[in-house]
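Q: Input target.txt, format and content: compact mmCIF, C-alpha atoms.
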```txt
# COMPACT_ATOMS: atom_id res chain seq x y z
CA MET F 7 94.18 106.56 46.34
CA ARG F 8 97.25 104.51 45.41
CA LYS F 9 99.42 107.23 46.92
CA LEU F 10 97.63 106.96 50.23
CA LEU F 11 98.44 103.30 50.83
CA PRO F 12 102.23 103.71 51.36
CA LEU F 13 101.53 106.60 53.73
CA LEU F 14 99.09 104.46 55.69
CA LEU F 15 101.59 101.59 55.84
CA ILE F 16 104.30 103.94 57.12
CA VAL F 17 102.00 105.19 59.88
CA LEU F 18 101.07 101.64 60.86
CA ALA F 19 104.71 100.54 60.85
CA ALA F 20 105.63 103.51 63.04
CA CYS F 21 102.87 102.62 65.48
CA GLY F 22 104.05 99.03 65.54
CA SER F 23 107.68 99.89 66.18
CA LYS F 24 106.66 102.24 69.00
CA ASN F 25 104.81 99.40 70.70
CA ASP F 26 107.85 97.16 70.38
CA GLU F 27 110.09 99.47 72.40
CA PRO F 28 108.83 98.48 75.87
CA GLY F 29 109.41 94.82 75.14
CA LYS F 30 112.97 95.37 73.97
CA LYS F 31 115.10 93.18 76.20
CA ASN F 32 118.13 94.62 77.89
CA VAL F 33 121.19 92.76 76.66
CA ASN F 34 123.87 94.92 78.27
CA ASP F 35 124.72 93.37 81.64
CA ASP F 36 126.97 96.33 82.48
CA TYR F 37 123.90 98.46 83.09
CA LEU F 38 121.42 95.76 84.07
CA VAL F 39 119.06 96.91 86.84
CA THR F 40 118.14 94.11 89.25
CA LEU F 41 117.03 93.89 92.88
CA ASP F 42 120.74 93.56 93.73
CA GLY F 43 121.99 96.73 92.06
CA ILE F 44 123.04 98.12 88.70
CA GLY F 45 125.44 95.95 86.74
CA PRO F 46 128.28 94.88 89.06
CA VAL F 47 127.52 97.77 91.45
CA LYS F 48 125.61 95.88 94.14
CA THR F 49 123.95 97.16 97.28
CA ASP F 50 125.66 96.14 100.54
CA MET F 51 129.12 96.42 98.93
CA SER F 52 131.65 98.23 101.06
CA GLN F 53 133.36 101.43 99.95
CA GLY F 54 136.60 99.43 99.57
CA GLU F 55 134.97 96.77 97.38
CA LEU F 56 133.42 99.43 95.17
CA GLU F 57 136.66 101.35 94.81
CA LYS F 58 138.38 98.14 93.75
CA LEU F 59 135.60 97.32 91.30
CA LEU F 60 135.45 100.79 89.79
CA ASN F 61 139.18 101.33 90.03
CA LYS F 62 138.69 104.80 91.48
CA LYS F 63 138.32 106.54 94.81
CA ILE F 64 134.79 107.25 96.02
CA PRO F 65 134.82 110.73 97.52
CA LEU F 66 133.15 110.28 100.92
CA THR F 67 133.79 112.91 103.56
CA ASN F 68 131.37 112.28 106.39
CA PRO F 69 133.10 109.19 107.82
CA TRP F 70 135.92 111.41 108.94
CA ASP F 71 133.63 114.17 110.16
CA THR F 72 134.03 113.86 113.91
CA ILE F 73 132.18 117.10 114.61
CA SER F 74 128.70 116.34 113.29
CA GLY F 75 129.04 112.59 113.77
CA SER F 76 127.10 111.97 110.59
CA TRP F 77 126.65 108.29 109.87
CA MET F 78 125.45 108.59 106.27
CA ASP F 79 127.05 109.87 103.10
CA SER F 80 126.55 109.87 99.36
CA ALA F 81 128.67 110.24 96.28
CA LEU F 82 128.09 110.96 92.63
CA ILE F 83 130.25 108.76 90.46
CA LYS F 84 130.68 107.95 86.83
CA TYR F 85 130.36 104.22 86.14
CA LYS F 86 131.31 103.60 82.50
CA GLU F 87 128.94 105.95 80.64
CA ALA F 88 126.33 106.24 83.40
CA ASP F 89 126.11 108.69 86.30
CA LEU F 90 125.25 106.97 89.59
CA ARG F 91 124.40 108.36 93.00
CA LEU F 92 125.53 106.02 95.76
CA THR F 93 124.29 106.22 99.34
CA PHE F 94 126.40 104.84 102.19
CA VAL F 95 125.89 104.20 105.89
CA ARG F 96 128.35 103.43 108.62
CA THR F 97 128.46 99.75 109.46
CA TYR F 98 130.18 98.97 112.71
CA ALA F 99 132.29 95.90 113.31
CA TYR F 100 131.90 93.92 116.49
CA SER F 101 135.58 93.04 116.51
CA ALA F 102 136.88 96.40 117.66
CA PRO F 103 135.39 99.49 119.32
CA ASP F 104 134.59 102.40 116.98
CA SER F 105 135.59 100.33 113.99
CA PHE F 106 133.36 100.72 110.96
CA HIS F 107 133.30 100.71 107.20
CA MET F 108 130.99 102.56 104.81
CA ARG F 109 128.43 100.23 103.19
CA MET F 110 126.39 101.17 100.13
CA THR F 111 122.64 100.97 100.83
CA ASP F 112 121.26 102.19 97.53
CA VAL F 113 122.22 103.26 94.04
CA GLU F 114 120.23 105.70 91.89
CA THR F 115 120.50 106.74 88.28
CA SER F 116 118.77 108.72 85.56
CA SER F 117 120.84 107.21 82.79
CA PRO F 118 118.87 105.78 79.87
CA LEU F 119 121.55 103.09 79.60
CA CYS F 120 120.33 101.40 82.78
CA LYS F 121 117.45 99.00 82.25
CA THR F 122 115.88 95.92 83.77
CA LYS F 123 116.07 92.59 81.94
CA ASP F 124 112.65 93.39 80.41
CA GLY F 125 113.89 96.73 79.13
CA ILE F 126 112.26 98.93 81.77
CA GLY F 127 114.26 102.13 82.06
CA ILE F 128 114.11 105.89 81.68
CA GLY F 129 111.01 106.81 79.66
CA SER F 130 109.09 103.60 80.44
CA GLY F 131 105.45 103.95 81.52
CA LYS F 132 103.46 102.68 84.49
CA LYS F 133 101.77 99.88 82.53
CA GLN F 134 105.10 98.59 81.26
CA ILE F 135 106.42 98.34 84.83
CA ILE F 136 103.26 96.60 86.02
CA ASP F 137 103.43 94.09 83.17
CA ALA F 138 107.16 93.45 83.64
CA PHE F 139 106.86 92.91 87.40
CA GLU F 140 103.75 90.77 87.34
CA ASP F 141 105.24 88.26 89.78
CA HIS F 142 106.40 90.91 92.26
CA LEU F 143 104.67 92.94 94.93
CA LEU F 144 104.16 96.49 93.68
CA PHE F 145 103.67 99.58 95.85
CA ILE F 146 102.37 102.50 93.83
CA GLU F 147 102.18 105.88 95.49
CA PRO F 148 101.61 109.40 94.20
CA ASP F 149 104.13 111.86 95.66
CA TYR F 150 103.08 114.78 97.82
CA GLU F 151 102.97 118.27 96.34
CA ASP F 152 103.86 119.99 99.58
CA THR F 153 105.99 119.52 102.66
CA THR F 154 102.93 119.18 104.90
CA TYR F 155 102.01 115.94 103.14
CA THR F 156 98.40 116.94 102.51
CA THR F 157 98.11 117.21 98.73
CA ARG F 158 98.90 114.31 96.44
CA SER F 159 100.66 115.06 93.18
CA LYS F 160 98.80 114.53 89.94
CA SER F 161 101.99 114.17 87.93
CA ARG F 162 104.67 112.55 90.11
CA SER F 163 104.58 109.06 91.62
CA THR F 164 106.78 106.13 92.62
CA ILE F 165 106.46 102.42 91.98
CA LYS F 166 108.37 100.04 94.23
CA ALA F 167 108.88 96.44 93.14
CA ARG F 168 109.79 93.82 95.75
CA GLU F 169 109.77 90.07 96.07
CA ALA F 170 108.31 90.27 99.57
CA ARG F 171 106.81 92.92 101.83
CA GLU F 172 110.28 93.70 103.14
CA GLY F 173 113.65 93.33 101.51
CA ARG F 174 115.37 94.51 98.37
CA GLU F 175 113.48 96.78 96.01
CA ILE F 176 113.68 98.67 92.76
CA ILE F 177 112.06 102.11 92.92
CA PHE F 178 110.88 103.74 89.72
CA TYR F 179 110.31 107.51 89.93
CA LEU F 180 107.73 108.72 87.43
CA LYS F 181 106.70 112.12 86.16
CA ASP F 182 103.77 112.42 83.79
CA ASN F 183 103.62 108.63 83.75
CA LYS F 184 107.22 108.22 82.53
CA VAL F 185 110.20 106.94 84.51
CA TYR F 186 112.81 109.65 85.09
CA ALA F 187 114.97 107.92 87.73
CA ILE F 188 115.57 104.44 89.12
CA LYS F 189 116.87 103.48 92.54
CA VAL F 190 117.87 100.06 93.87
CA GLY F 191 117.86 99.66 97.63
CA SER F 192 115.97 97.89 100.37
CA PHE F 193 113.04 98.42 102.71
CA TYR F 194 112.52 97.20 106.26
CA ASP F 195 109.52 98.23 108.34
CA ASP F 196 110.82 99.93 111.48
CA SER F 197 107.37 100.12 112.99
CA GLU F 198 107.25 96.39 113.68
CA MET S 95 92.58 100.04 46.80
CA ARG S 96 89.41 101.91 47.63
CA ASN S 97 88.27 98.89 49.63
CA ILE S 98 91.40 98.97 51.78
CA PHE S 99 90.95 102.64 52.47
CA CYS S 100 87.29 102.07 53.35
CA PHE S 101 88.29 99.20 55.65
CA PHE S 102 90.69 101.42 57.63
CA LEU S 103 88.12 104.18 57.80
CA ALA S 104 85.53 101.74 59.11
CA ALA S 105 88.01 100.36 61.65
CA PHE S 106 88.75 103.85 62.98
CA PHE S 107 85.04 104.61 63.13
CA PHE S 108 84.20 101.48 65.13
CA ALA S 109 87.16 101.97 67.45
CA SER S 110 86.07 105.49 68.32
CA CYS S 111 82.45 104.36 68.77
CA ASN S 112 83.50 101.63 71.19
CA SER S 113 85.61 103.89 73.34
CA LYS S 114 82.78 106.42 73.50
CA LYS S 115 80.36 103.67 74.52
CA GLU S 116 82.72 102.51 77.29
CA LYS S 117 83.04 106.02 78.67
CA GLN S 118 79.26 106.40 78.68
CA THR S 119 78.84 103.10 80.55
CA LYS S 120 81.37 104.12 83.16
CA LYS S 121 79.69 107.46 83.65
CA LYS S 122 76.31 105.77 84.11
CA VAL S 123 77.33 103.90 87.26
CA GLU S 124 78.18 107.03 89.23
CA ASN S 125 74.83 107.07 91.02
CA ASN S 126 74.38 103.35 91.08
CA GLU S 127 72.91 101.98 94.31
CA TYR S 128 75.55 99.24 94.15
CA THR S 129 78.53 101.59 93.96
CA ILE S 130 81.40 100.30 96.05
CA SER S 131 83.78 102.60 97.89
CA LYS S 132 86.17 101.97 100.76
CA ASP S 133 83.20 102.72 103.06
CA GLY S 134 81.00 99.91 101.78
CA ILE S 135 78.51 99.00 99.06
CA GLY S 136 75.58 101.37 98.59
CA ASP S 137 73.89 101.80 102.00
CA LEU S 138 75.72 98.82 103.47
CA LYS S 139 78.51 100.60 105.32
CA ILE S 140 81.53 99.49 107.30
CA GLY S 141 80.97 100.15 110.99
CA MET S 142 77.24 99.40 110.92
CA THR S 143 76.12 97.40 113.92
CA GLU S 144 74.26 94.11 113.81
CA PRO S 145 70.81 95.72 114.53
CA GLU S 146 71.43 98.43 111.92
CA VAL S 147 72.26 95.78 109.30
CA GLU S 148 69.23 93.71 110.24
CA ASN S 149 67.07 96.80 109.88
CA LEU S 150 68.56 97.67 106.47
CA LEU S 151 68.30 94.14 105.10
CA ASN S 152 65.00 93.50 106.88
CA GLN S 153 66.18 90.11 108.09
CA GLN S 154 67.53 88.43 111.19
CA LEU S 155 71.25 87.67 110.94
CA ASP S 156 72.33 84.19 111.91
CA PHE S 157 75.82 84.21 113.36
CA ASN S 158 77.14 80.66 113.26
CA ALA S 159 80.12 81.49 115.39
CA MET S 160 77.80 82.59 118.19
CA LYS S 161 76.99 78.94 118.69
CA ASP S 162 80.64 78.23 119.41
CA SER S 163 80.88 77.92 123.17
CA ALA S 164 84.61 78.68 123.00
CA GLY S 165 83.70 82.27 122.19
CA TYR S 166 84.09 84.25 119.00
CA TRP S 167 85.19 87.65 117.82
CA SER S 168 84.38 87.54 114.11
CA ASP S 169 81.89 85.97 111.73
CA THR S 170 80.79 86.11 108.10
CA ILE S 171 77.23 86.31 106.84
CA LYS S 172 76.44 85.46 103.22
CA THR S 173 73.20 87.14 102.23
CA LYS S 174 71.45 89.35 99.69
CA TYR S 175 71.68 93.13 99.62
CA LYS S 176 68.93 94.24 97.24
CA ASP S 177 69.64 92.14 94.12
CA ILE S 178 73.23 91.20 94.75
CA ASP S 179 74.90 88.46 96.79
CA VAL S 180 77.25 89.81 99.45
CA SER S 181 79.51 88.44 102.12
CA ILE S 182 79.41 90.65 105.18
CA TYR S 183 82.33 90.37 107.58
CA PHE S 184 81.60 91.19 111.21
CA GLU S 185 83.93 91.79 114.13
CA ARG S 186 83.05 92.06 117.79
CA GLN S 187 83.79 95.53 119.16
CA TYR S 188 84.63 95.44 122.84
CA SER S 189 83.85 98.41 125.03
CA ASP S 190 82.21 99.09 128.39
CA ASP S 191 78.87 100.37 127.18
CA ASP S 192 78.02 98.35 124.05
CA ASN S 193 78.58 94.91 125.54
CA GLY S 194 80.68 93.68 122.64
CA ILE S 195 78.38 94.40 119.71
CA MET S 196 79.07 93.00 116.21
CA GLN S 197 80.03 95.59 113.59
CA ILE S 198 80.74 95.30 109.88
CA SER S 199 84.48 95.17 109.18
CA GLY S 200 84.14 94.39 105.48
CA VAL S 201 81.72 93.65 102.67
CA GLU S 202 82.47 91.68 99.51
CA THR S 203 80.61 90.81 96.35
CA THR S 204 81.13 88.98 93.07
CA SER S 205 78.14 90.68 91.43
CA SER S 206 78.67 92.41 88.11
CA LEU S 207 76.09 95.01 89.18
CA CYS S 208 78.55 96.38 91.70
CA LYS S 209 81.05 98.96 90.38
CA THR S 210 83.38 101.63 91.66
CA SER S 211 82.57 105.29 91.07
CA SER S 212 84.89 105.20 88.06
CA GLY S 213 83.03 102.21 86.64
CA ALA S 214 85.50 99.41 87.41
CA GLY S 215 83.94 96.07 88.25
CA ILE S 216 83.85 92.33 87.69
CA GLY S 217 85.70 91.27 84.54
CA ASP S 218 87.91 94.33 84.40
CA GLU S 219 91.71 94.20 84.30
CA LYS S 220 94.46 95.79 86.40
CA MET S 221 94.80 98.97 84.38
CA ASP S 222 91.02 99.56 84.38
CA ILE S 223 91.25 99.74 88.15
CA LEU S 224 94.45 101.75 88.39
CA THR S 225 93.29 104.50 86.06
CA GLY S 226 90.46 105.28 88.49
CA TYR S 227 92.81 105.69 91.45
CA ASN S 228 95.73 107.76 90.21
CA GLU S 229 95.87 109.74 93.45
CA ASN S 230 95.68 106.78 95.84
CA PRO S 231 98.42 104.63 97.33
CA ILE S 232 98.03 101.13 95.91
CA ASN S 233 99.59 97.82 96.94
CA MET S 234 99.24 94.93 94.53
CA GLY S 235 100.69 91.54 93.82
CA PRO S 236 100.09 87.82 93.45
CA ASP S 237 98.32 86.10 96.34
CA TRP S 238 100.30 83.72 98.54
CA GLU S 239 99.31 80.08 98.38
CA ILE S 240 100.23 77.55 101.04
CA VAL S 241 102.14 74.50 99.83
CA ASN S 242 102.69 72.90 103.22
CA ASP S 243 103.14 73.93 106.85
CA THR S 244 106.33 75.83 106.15
CA THR S 245 106.14 76.82 102.48
CA TRP S 246 104.19 79.55 100.74
CA VAL S 247 104.42 80.39 97.06
CA MET S 248 103.11 83.23 94.94
CA SER S 249 100.04 82.26 92.97
CA LYS S 250 100.28 82.23 89.19
CA THR S 251 96.55 82.91 88.78
CA LYS S 252 95.33 84.79 91.85
CA TYR S 253 96.18 88.47 92.30
CA SER S 254 94.96 91.24 94.60
CA ILE S 255 94.95 95.03 94.37
CA TYR S 256 94.57 97.11 97.55
CA VAL S 257 93.52 100.74 97.05
CA LYS S 258 94.07 102.96 100.10
CA ASP S 259 93.92 106.66 100.90
CA ASP S 260 95.65 109.05 103.24
CA LYS S 261 93.42 108.17 106.19
CA TRP S 262 94.78 104.60 106.10
CA ASP S 263 91.62 103.38 107.84
CA LYS S 264 89.80 101.44 105.12
CA GLU S 265 90.63 100.06 101.70
CA LEU S 266 89.13 98.71 98.52
CA ILE S 267 90.30 95.23 97.56
CA PHE S 268 90.04 93.90 94.02
CA ARG S 269 90.66 90.15 93.70
CA LEU S 270 91.63 88.91 90.26
CA THR S 271 91.77 85.43 88.77
CA ASN S 272 93.60 85.00 85.48
CA LYS S 273 93.96 88.79 85.21
CA LYS S 274 90.24 89.56 85.53
CA VAL S 275 88.49 91.01 88.57
CA THR S 276 86.39 88.32 90.24
CA SER S 277 85.42 90.06 93.48
CA LEU S 278 85.23 93.53 95.03
CA GLN S 279 85.62 94.19 98.74
CA ALA S 280 85.53 97.18 101.05
CA SER S 281 87.37 96.55 104.29
CA ILE S 282 88.91 98.12 107.33
CA ILE S 283 92.70 97.93 107.12
CA MET S 284 93.95 95.07 109.23
CA GLY S 285 97.31 95.49 110.94
CA ASP S 286 100.04 93.01 110.13
```
Give the structure from the file, written as structure tokens.
A:
Amino acid sequence: MRKLLPLLLIVLAACGSKNDEPGKKNVNDDYLVTLDGIGPVKTDMSQGELEKLLNKKIPLTNPWDTISGSWMDSALIKYKEADLRLTFVRTYAYSAPDSFHMRMTDVETSSPLCKTKDGIGIGSGKKQIIDAFEDHLLFIEPDYEDTTYTTRSKSRSTIKAREAREGREIIFYLKDNKVYAIKVGSFYDDSE
Amino acid sequence: MRNIFCFFLAAFFFASCNSKKEKQTKKKVENNEYTISKDGIGDLKIGMTEPEVENLLNQQLDFNAMKDSAGYWSDTIKTKYKDIDVSIYFERQYSDDDNGIMQISGVETTSSLCKTSSGAGIGDEKMDILTGYNENPINMGPDWEIVNDTTWVMSKTKYSIYVKDDKWDKELIFRLTNKKVTSLQASIIMGD
């Protein structure tokens, strides 16, 4: 019987430490996920501002594609130790005709280094997100299994956290109730 | 030492008994006459006309707003449906042949007898509700409270959960106070 007690204590300690993980605060501002972006990589920054910040060229090709006239582009970059996917759109200036710069609209990552201030990141569960964003509006939606949008997925879903119905948002992508990717961007209702 | 071991055994036993009991309770409400869905509560369905409701409840409905000479398009009746108190929301439906008849646009109750098909009801918490609607789009967040004519703030105590489906016609609304469900409502989805 005396041998069983340490074993029981170890099991209880393990359970306790597992429960502590979600509450672990994120102390690394370099990878801090907020409604504005990830670390210093903020949405609405121009390609030029980002290149200066990251001290590297962002390989966009579509801006110079005069054949398709594509107005969006994306790039995969390495920011410190994290891989980020950046999405850009053309933003035209009023000052001169056909003058535009590429502006980043959202940033996405699957790096476990990137977390919110409450420690929500890759591997976090639905309940943890709901608890951490108690004072936000949350939009929870199961993904569709097919391209005809008729069957809802039982395993994949998204949770969007916003401060208002429209505006900046953090999107958590979940599979089997665990976050596998995080995107920071914004939402505006075009139907209005 | 034996006592400690017995204590843990007893704790495990009671924990498993409780969870079993909860599951049984939730199963029991599946055929409850007070089951709430997005379509209504029991036989009290959204879309029912004023005469149909009067026939079901076996009572004459007294629309206060009808006495308003300025005209009206909606009204609320607080009454009993079987053994529970309900608020029935009516809206005037305008068309050529029905002469603007009143129809139910929503029904709400604070009765603990009323539950969802998964057993969620008054006193339950957010996750109790969400687990029953894994395949539904859900919007949730703190309610807005008016401070003055120009300022609204998010409530620290009031919270609402809106459960929808792919028809986007009606929804279930769970209103919470201090993290506990205080009312259940079935409603047509109002445009913004």
Q: Could you write out as a CSV table (one decimal) with C-alpha atoms, in the coordinates of the input the residues of chain S within 8 Å of chain F, counting only C-alpha atoms?
A:
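Just written: iface07.csv:
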```csv
chain,number,residue,atom,x,y,z
S,95,MET,CA,92.6,100.0,46.8
S,96,ARG,CA,89.4,101.9,47.6
S,99,PHE,CA,91.0,102.6,52.5
S,221,MET,CA,94.8,99.0,84.4
S,228,ASN,CA,95.7,107.8,90.2
S,229,GLU,CA,95.9,109.7,93.4
S,230,ASN,CA,95.7,106.8,95.8
S,231,PRO,CA,98.4,104.6,97.3
S,232,ILE,CA,98.0,101.1,95.9
S,233,ASN,CA,99.6,97.8,96.9
S,234,MET,CA,99.2,94.9,94.5
S,235,GLY,CA,100.7,91.5,93.8
S,236,PRO,CA,100.1,87.8,93.4
S,248,MET,CA,103.1,83.2,94.9
S,250,LYS,CA,100.3,82.2,89.2
```
Q: Between S:Met284, S:Leu278, S:Leu138, S:Leu155, which has the minimum distance to Ser206 of chain S (counting only C-alpha atoms)?
A: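 Answer, going by the shortest atom-to-atom distance: S:Leu278.
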Q: Between atom CA of Thr93 of chain F and atom CA of Asp112 of chain F, what distance in Å does the model show, to one decimal?
A: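 Interatomic distance, atom CA of Thr93 of chain F to atom CA of Asp112 of chain F: 5.4 Å.
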Q: If I take atom CA of Gln134 of chain F and atom CA of Glu239 of chain S, how far is one from the other in Å, to one decimal?
A: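 Computing it gives 25.9 Å between the two atoms.
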Q: Mind giving me the straight-line distance from atom CA of Ser205 of chain S to atom CA of Tyr253 of chain S in Å, one decimal?
A: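 Interatomic distance, atom CA of Ser205 of chain S to atom CA of Tyr253 of chain S: 18.2 Å.
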Q: Would you mind completing segment 225-242 of chain S to N, CA and C atoms and writing the output as a PDB file, keeping the file's coordinate frame?
A:
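File selection16.pdb, as written:
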```pdb
ATOM      1  N   THR S 225      93.567 103.191  86.659  1.00  0.00           N
ATOM      2  CA  THR S 225      93.290 104.500  86.060  1.00  0.00           C
ATOM      3  C   THR S 225      92.272 105.294  86.879  1.00  0.00           C
ATOM      4  N   GLY S 226      91.444 104.591  87.660  1.00  0.00           N
ATOM      5  CA  GLY S 226      90.460 105.280  88.490  1.00  0.00           C
ATOM      6  C   GLY S 226      91.019 105.768  89.810  1.00  0.00           C
ATOM      7  N   TYR S 227      92.239 105.356  90.129  1.00  0.00           N
ATOM      8  CA  TYR S 227      92.810 105.690  91.450  1.00  0.00           C
ATOM      9  C   TYR S 227      94.226 106.241  91.334  1.00  0.00           C
ATOM     10  N   ASN S 228      94.399 107.186  90.438  1.00  0.00           N
ATOM     11  CA  ASN S 228      95.730 107.760  90.210  1.00  0.00           C
ATOM     12  C   ASN S 228      96.291 108.500  91.415  1.00  0.00           C
ATOM     13  N   GLU S 229      95.394 108.952  92.305  1.00  0.00           N
ATOM     14  CA  GLU S 229      95.870 109.740  93.450  1.00  0.00           C
ATOM     15  C   GLU S 229      95.853 108.942  94.751  1.00  0.00           C
ATOM     16  N   ASN S 230      95.720 107.624  94.635  1.00  0.00           N
ATOM     17  CA  ASN S 230      95.680 106.780  95.840  1.00  0.00           C
ATOM     18  C   ASN S 230      96.922 105.897  95.940  1.00  0.00           C
ATOM     19  N   PRO S 231      97.391 105.645  97.164  1.00  0.00           N
ATOM     20  CA  PRO S 231      98.420 104.630  97.330  1.00  0.00           C
ATOM     21  C   PRO S 231      97.819 103.252  97.032  1.00  0.00           C
ATOM     22  N   ILE S 232      98.542 102.447  96.299  1.00  0.00           N
ATOM     23  CA  ILE S 232      98.030 101.130  95.910  1.00  0.00           C
ATOM     24  C   ILE S 232      99.105 100.062  96.165  1.00  0.00           C
ATOM     25  N   ASN S 233      98.718  98.984  96.823  1.00  0.00           N
ATOM     26  CA  ASN S 233      99.590  97.820  96.940  1.00  0.00           C
ATOM     27  C   ASN S 233      98.983  96.722  96.084  1.00  0.00           C
ATOM     28  N   MET S 234      99.791  96.007  95.352  1.00  0.00           N
ATOM     29  CA  MET S 234      99.240  94.930  94.530  1.00  0.00           C
ATOM     30  C   MET S 234     100.273  93.841  94.320  1.00  0.00           C
ATOM     31  N   GLY S 235      99.776  92.650  94.062  1.00  0.00           N
ATOM     32  CA  GLY S 235     100.690  91.540  93.820  1.00  0.00           C
ATOM     33  C   GLY S 235      99.966  90.215  93.825  1.00  0.00           C
ATOM     34  N   PRO S 236     100.692  89.164  93.440  1.00  0.00           N
ATOM     35  CA  PRO S 236     100.090  87.820  93.450  1.00  0.00           C
ATOM     36  C   PRO S 236      99.736  87.422  94.875  1.00  0.00           C
ATOM     37  N   ASP S 237      98.681  86.626  95.017  1.00  0.00           N
ATOM     38  CA  ASP S 237      98.320  86.100  96.340  1.00  0.00           C
ATOM     39  C   ASP S 237      99.342  85.027  96.743  1.00  0.00           C
ATOM     40  N   TRP S 238      99.433  84.799  98.037  1.00  0.00           N
ATOM     41  CA  TRP S 238     100.300  83.720  98.540  1.00  0.00           C
ATOM     42  C   TRP S 238      99.462  82.465  98.700  1.00  0.00           C
ATOM     43  N   GLU S 239     100.013  81.353  98.232  1.00  0.00           N
ATOM     44  CA  GLU S 239      99.310  80.080  98.380  1.00  0.00           C
ATOM     45  C   GLU S 239     100.166  79.150  99.233  1.00  0.00           C
ATOM     46  N   ILE S 240      99.499  78.422 100.129  1.00  0.00           N
ATOM     47  CA  ILE S 240     100.230  77.550 101.040  1.00  0.00           C
ATOM     48  C   ILE S 240     100.502  76.191 100.351  1.00  0.00           C
ATOM     49  N   VAL S 241     101.752  75.786 100.413  1.00  0.00           N
ATOM     50  CA  VAL S 241     102.140  74.500  99.830  1.00  0.00           C
ATOM     51  C   VAL S 241     102.127  73.429 100.926  1.00  0.00           C
ATOM     52  N   ASN S 242     102.750  73.772 102.048  1.00  0.00           N
ATOM     53  CA  ASN S 242     102.690  72.900 103.220  1.00  0.00           C
ATOM     54  C   ASN S 242     102.873  73.787 104.454  1.00  0.00           C
TER      55      ASN S 242
END
```
